[in-house]
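See below for run.cif, which holds mmCIF, C-alpha atoms and all ligand atoms.
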data_upload
#
loop_
_atom_site.label_atom_id
_atom_site.label_comp_id
_atom_site.auth_asym_id
_atom_site.auth_seq_id
_atom_site.Cartn_x
_atom_site.Cartn_y
_atom_site.Cartn_z
CA MET A 1297 -10.46 24.49 30.49
CA ALA A 1298 -8.06 26.74 32.32
CA LEU A 1299 -6.25 27.52 29.09
CA VAL A 1300 -9.45 28.49 27.30
CA GLU A 1301 -10.47 30.66 30.21
CA THR A 1302 -7.15 32.46 30.12
CA ASN A 1303 -7.47 32.96 26.42
CA VAL A 1304 -10.97 34.33 26.59
CA ILE A 1305 -9.98 36.76 29.25
CA TYR A 1306 -6.94 37.72 27.27
CA ASN A 1307 -9.05 38.18 24.20
CA GLY A 1308 -11.54 40.19 26.13
CA LYS A 1309 -8.70 42.56 26.82
CA MET A 1310 -7.74 42.55 23.18
CA LYS A 1311 -11.30 43.35 22.20
CA CYS A 1312 -11.43 46.06 24.76
CA LEU A 1313 -8.33 47.71 23.37
CA TYR A 1314 -9.64 47.30 19.85
CA LEU A 1315 -12.82 49.14 20.79
CA GLY A 1316 -10.87 51.77 22.70
CA LYS A 1317 -12.69 51.19 25.98
CA LEU A 1318 -11.09 52.28 29.21
CA SER A 1319 -12.49 49.88 31.74
CA VAL A 1320 -10.39 46.83 30.91
CA LEU A 1321 -10.53 45.28 34.35
CA SER A 1322 -14.30 45.44 34.74
CA LEU A 1323 -14.75 43.96 31.27
CA LEU A 1324 -12.43 41.08 32.14
CA LEU A 1325 -14.36 40.37 35.30
CA GLU A 1326 -17.64 40.46 33.39
CA LEU A 1327 -16.33 38.07 30.76
CA GLU A 1328 -15.13 35.68 33.44
CA ARG A 1329 -18.42 35.88 35.29
CA ASP A 1330 -20.62 35.45 32.21
CA GLY A 1331 -18.60 32.95 30.20
CA PHE A 1332 -17.64 30.57 32.99
CA CYS A 1333 -20.77 30.28 35.07
CA GLN A 1334 -23.10 27.29 35.22
CA ASN A 1335 -25.16 28.46 32.23
CA PRO A 1336 -22.68 30.57 30.25
CA PHE A 1337 -24.02 33.58 28.35
CA PHE A 1338 -21.54 33.00 25.54
CA GLU A 1339 -19.07 30.54 24.08
CA CYS A 1340 -15.76 31.46 22.53
CA LEU A 1341 -13.28 29.87 20.12
CA VAL A 1342 -9.73 31.11 20.01
CA ALA A 1343 -7.11 30.89 17.27
CA GLU A 1344 -3.64 30.01 18.48
CA VAL A 1345 -0.41 29.91 16.52
CA PRO A 1346 2.70 27.90 17.41
CA GLU A 1347 5.18 29.67 19.66
CA GLU A 1348 7.55 30.34 16.75
CA TYR A 1349 4.88 32.38 14.96
CA LYS A 1350 3.81 34.45 17.97
CA SER A 1351 2.69 38.03 17.47
CA ASN A 1352 4.99 41.03 17.56
CA GLU A 1353 3.87 41.55 21.15
CA GLY A 1354 4.59 37.92 22.05
CA PHE A 1355 1.10 36.42 22.01
CA THR A 1356 0.22 33.01 20.59
CA VAL A 1357 -3.54 33.61 20.82
CA VAL A 1358 -4.15 35.80 17.80
CA GLY A 1359 -7.89 35.79 17.25
CA TYR A 1360 -11.25 34.76 18.59
CA ALA A 1361 -14.89 34.25 17.74
CA LEU A 1362 -17.45 34.82 20.48
CA TYR A 1363 -21.00 33.63 19.94
CA TYR A 1364 -24.20 32.64 21.72
CA TYR A 1365 -27.43 30.86 20.97
CA THR A 1366 -30.64 32.53 19.87
CA TYR A 1367 -33.97 31.19 18.68
CA SER A 1368 -36.38 31.82 15.84
CA THR A 1369 -40.00 30.77 16.30
CA TRP A 1370 -40.16 30.21 12.55
CA ASN A 1371 -36.89 28.40 12.08
CA GLY A 1372 -35.65 27.14 15.41
CA ARG A 1373 -32.12 27.20 16.77
CA SER A 1374 -29.71 29.92 15.69
CA LEU A 1375 -26.28 31.22 16.55
CA PHE A 1376 -25.37 34.87 16.90
CA LEU A 1377 -21.74 35.73 16.22
CA GLU A 1378 -21.02 38.68 18.49
CA ASP A 1379 -17.32 39.11 17.72
CA LEU A 1380 -14.93 37.89 15.07
CA TYR A 1381 -11.51 39.37 15.60
CA VAL A 1382 -8.03 38.52 14.38
CA MET A 1383 -4.99 40.68 15.10
CA GLN A 1384 -4.10 42.87 12.15
CA GLU A 1385 -0.75 41.17 11.57
CA PHE A 1386 -2.49 37.78 11.20
CA ARG A 1387 -5.23 38.83 8.79
CA GLY A 1388 -5.31 37.56 5.23
CA LYS A 1389 -4.05 34.13 6.32
CA GLY A 1390 -7.39 32.35 6.49
CA ILE A 1391 -7.77 32.66 10.27
CA ASP A 1392 -10.92 34.82 10.18
CA LYS A 1393 -12.45 32.40 7.71
CA SER A 1394 -11.45 29.37 9.81
CA LEU A 1395 -13.04 30.87 12.92
CA LEU A 1396 -16.23 31.67 11.00
CA CYS A 1397 -16.34 28.14 9.58
CA LYS A 1398 -15.73 26.61 13.02
CA VAL A 1399 -18.59 28.60 14.52
CA ALA A 1400 -20.81 27.38 11.66
CA GLU A 1401 -19.73 23.81 12.40
CA VAL A 1402 -20.50 24.19 16.11
CA GLY A 1403 -23.93 25.51 15.18
CA LYS A 1404 -24.64 22.74 12.68
CA ASN A 1405 -23.67 20.13 15.26
CA LYS A 1406 -26.31 21.62 17.56
CA GLN A 1407 -28.98 21.72 14.84
CA CYS A 1408 -28.79 25.48 14.39
CA VAL A 1409 -30.22 26.55 11.06
CA ARG A 1410 -28.84 30.10 11.08
CA LEU A 1411 -25.70 32.01 11.88
CA GLN A 1412 -26.42 35.71 12.26
CA LEU A 1413 -24.34 38.76 13.08
CA SER A 1414 -24.31 42.54 12.85
CA VAL A 1415 -21.79 44.67 10.99
CA LEU A 1416 -21.50 48.45 11.11
CA ASP A 1417 -22.16 50.12 7.79
CA TRP A 1418 -18.68 51.64 7.53
CA ASN A 1419 -17.04 48.23 7.85
CA THR A 1420 -16.94 47.52 4.13
CA PRO A 1421 -14.19 44.87 4.31
CA SER A 1422 -16.27 42.82 6.74
CA LEU A 1423 -19.49 43.34 4.78
CA ASP A 1424 -17.69 42.14 1.67
CA PHE A 1425 -16.08 39.25 3.52
CA TYR A 1426 -19.41 37.94 4.85
CA ALA A 1427 -21.12 38.49 1.49
CA ALA A 1428 -18.37 36.52 -0.24
CA LYS A 1429 -18.99 33.64 2.16
CA GLY A 1430 -22.72 33.62 1.38
CA GLY A 1431 -24.09 35.85 4.14
CA GLN A 1432 -27.25 37.79 3.24
CA ASP A 1433 -27.47 41.45 4.20
CA LEU A 1434 -30.88 41.44 5.90
CA THR A 1435 -31.07 45.23 6.05
CA ALA A 1436 -30.75 45.39 2.28
CA SER A 1437 -32.86 42.34 1.43
CA GLU A 1438 -35.59 42.42 4.11
CA GLY A 1439 -35.36 45.88 5.68
CA TRP A 1440 -34.60 44.68 9.22
CA HIS A 1441 -33.56 47.38 11.69
CA SER A 1442 -31.54 46.59 14.78
CA ILE A 1443 -33.33 47.86 17.93
CA ARG A 1444 -31.70 48.29 21.31
CA PHE A 1445 -33.01 49.30 24.73
CA ASP A 1446 -30.40 50.26 27.27
CA GLY A 1447 -29.72 52.68 30.11
CA GLN A 1448 -32.71 54.65 31.33
CA HIS A 1449 -34.93 53.26 28.57
CA LEU A 1450 -34.28 49.69 29.69
CA ASP A 1451 -34.76 50.74 33.32
CA LYS A 1452 -38.08 52.37 32.45
CA LEU A 1453 -39.37 49.31 30.63
CA ALA A 1454 -38.42 47.04 33.50
CA ASP A 1455 -39.91 49.40 36.06
CA GLU A 1456 -43.20 49.34 34.16
CA ALA A 1457 -43.40 45.54 34.13
CA PRO A 1458 -46.64 44.24 35.65
CA LYS A 1459 -46.12 43.17 39.25
CA ASP A 1460 -47.93 39.85 39.59
C1 LIG A 1501 -12.69 41.61 6.84
C2 LIG A 1501 -11.91 40.65 7.71
C3 LIG A 1501 -12.84 40.08 8.78
C4 LIG A 1501 -11.38 39.54 6.79
O1 LIG A 1501 -10.43 38.79 7.48
P1 LIG A 1501 -9.13 38.19 6.78
O2 LIG A 1501 -8.25 37.69 7.88
O3 LIG A 1501 -8.55 39.14 5.82
O4 LIG A 1501 -9.73 36.98 5.97
P2 LIG A 1501 -9.21 35.47 5.87
O5 LIG A 1501 -7.80 35.48 5.37
O6 LIG A 1501 -9.47 34.71 7.09
O7 LIG A 1501 -10.25 34.92 4.78
C5 LIG A 1501 -9.87 34.40 3.61
C6 LIG A 1501 -11.05 34.25 2.71
O8 LIG A 1501 -11.96 35.37 2.82
C7 LIG A 1501 -11.96 36.14 1.63
N1 LIG A 1501 -11.96 37.55 1.98
C8 LIG A 1501 -11.19 38.18 2.89
N2 LIG A 1501 -11.48 39.49 2.93
C9 LIG A 1501 -12.43 39.69 1.99
C10 LIG A 1501 -13.15 40.84 1.56
N3 LIG A 1501 -12.92 42.05 2.09
N4 LIG A 1501 -14.06 40.68 0.58
C11 LIG A 1501 -14.33 39.45 0.05
N5 LIG A 1501 -13.68 38.34 0.42
C12 LIG A 1501 -12.73 38.45 1.40
C13 LIG A 1501 -10.70 35.71 0.90
O9 LIG A 1501 -10.84 35.91 -0.49
C14 LIG A 1501 -10.61 34.25 1.26
O10 LIG A 1501 -11.57 33.50 0.57
P3 LIG A 1501 -11.31 31.92 0.21
O11 LIG A 1501 -10.57 31.30 1.33
O12 LIG A 1501 -12.69 31.37 0.04
O13 LIG A 1501 -10.52 31.98 -1.04
C15 LIG A 1501 -10.71 41.35 8.41
O14 LIG A 1501 -9.81 41.78 7.45
C16 LIG A 1501 -11.07 42.55 9.23
O15 LIG A 1501 -11.23 43.66 8.75
N6 LIG A 1501 -11.13 42.38 10.53
C17 LIG A 1501 -11.37 43.52 11.47
C18 LIG A 1501 -12.24 43.10 12.62
C19 LIG A 1501 -13.67 43.11 12.19
O16 LIG A 1501 -14.14 44.08 11.67
N7 LIG A 1501 -14.33 41.97 12.43
C20 LIG A 1501 -15.69 41.79 12.05
C21 LIG A 1501 -16.63 42.49 12.92
S1 LIG A 1501 -18.29 42.09 12.45
#
Please re-express this file's structure in structure tokens.
Amino acid sequence: MALVETNVIYNGKMKCLYLGKLSVLSLLLELERDGFCQNPFFECLVAEVPEEYKSNEGFTVVGYALYYYTYSTWNGRSLFLEDLYVMQEFRGKGIDKSLLCKVAEVGKNKQCVRLQLSVLDWNTPSLDFYAAKGGQDLTASEGWHSIRFDGQHLDKLADEAPKD
């Protein structure tokens, strides 16, 4: 358990650097708070290589998949894959695919009938990768748009909630 926690936090840092965010420390604290509480908001699998294959920077944890559970009233249990990331120097070795397959296995074992995720439109390699593995592009096939409320818009909605 301690090892996984360390890895998640480490990978949170890796993700943070990947996304170019500045607030590494606050992200790490958030990941620790939300992933290791009584009812965790996410689960995470990490890919580790033997010491002799460690990364150029000396890491043995070289990738991760972070996911959580969602629900469809039509279809039941689902998984949402929030992040799939493997260090550049370890790509093309089947690690991304293994993480994706492992997440699918976790979901199947919990009777999930779907694995969903979002990909930015410029990320052609990932779009192609998921398509090659059988993922449907729901924007193209069903016209789904991704909607987000945050910041002042989220505050406003919450403020306008009926009070008892
Ligand atoms: C696209 C990406 C996820 C693929 O990862 P990868 O490490 O090259 O892929 P793997 O070596 O694990 O996968 C191997 C399998 O995927 C296939 N594959 C890999 N990249 C592919 C692509 N661009 N198009 C189609 N198939 C692809 C391989 O043919 C191979 O298939 P097989 O095992 O069935 O023969 C990775 O290169 C990448 O860009 N990562 C950046 C981070 C990112 O954007 N993550 C996703 C955010 S949603």
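Between atom O12 of ligand LIG 1501 (chain A) and CA of Ala1343 in chain A there is a distance of 18.1 Å.
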Within 10 Å of ligand LIG 1501 (chain A) (all atoms listed in the file), residues as a PyMOL selection string: chain A and resi 1311+1314+1359-1361+1377-1397+1413-1416+1418-1429
Coordinates-based distance that separates CA of Arg1373 in chain A from CA of Lys1398 in chain A (Å, one decimal):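 If I compute the distance from CA of Lys1398 in chain A to CA of Arg1373 in chain A, I get 16.8 Å.
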Length of the CA of Asp1451 in chain A to CA of Tyr1365 in chain A vector [Å]: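 CA of Tyr1365 in chain A lies 24.5 Å from CA of Asp1451 in chain A.
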For Val1399 in chain A, the nearest of the candidates A:Ile1443, A:Leu1341, A:Ser1374, A:Thr1435, counting all atoms listed in the file: A:Leu1341
Exercise: residues within 12 Å of coordinate (-0.4, 25.5, 13.2), counting all atoms listed in the file, as a ChimeraX atom specification: /A:1343-1350,1356-1358,1389-1391
Spatial neighbours of Phe1337 in chain A, 10 Å, only C-alpha atoms, chain gap at least 3 places, as a list of chain:residue names: A:Leu1327, A:Arg1329, A:Asp1330, A:Gly1331, A:Phe1332, A:Cys1333, A:Gln1334, A:Tyr1363, A:Tyr1364, A:Tyr1365
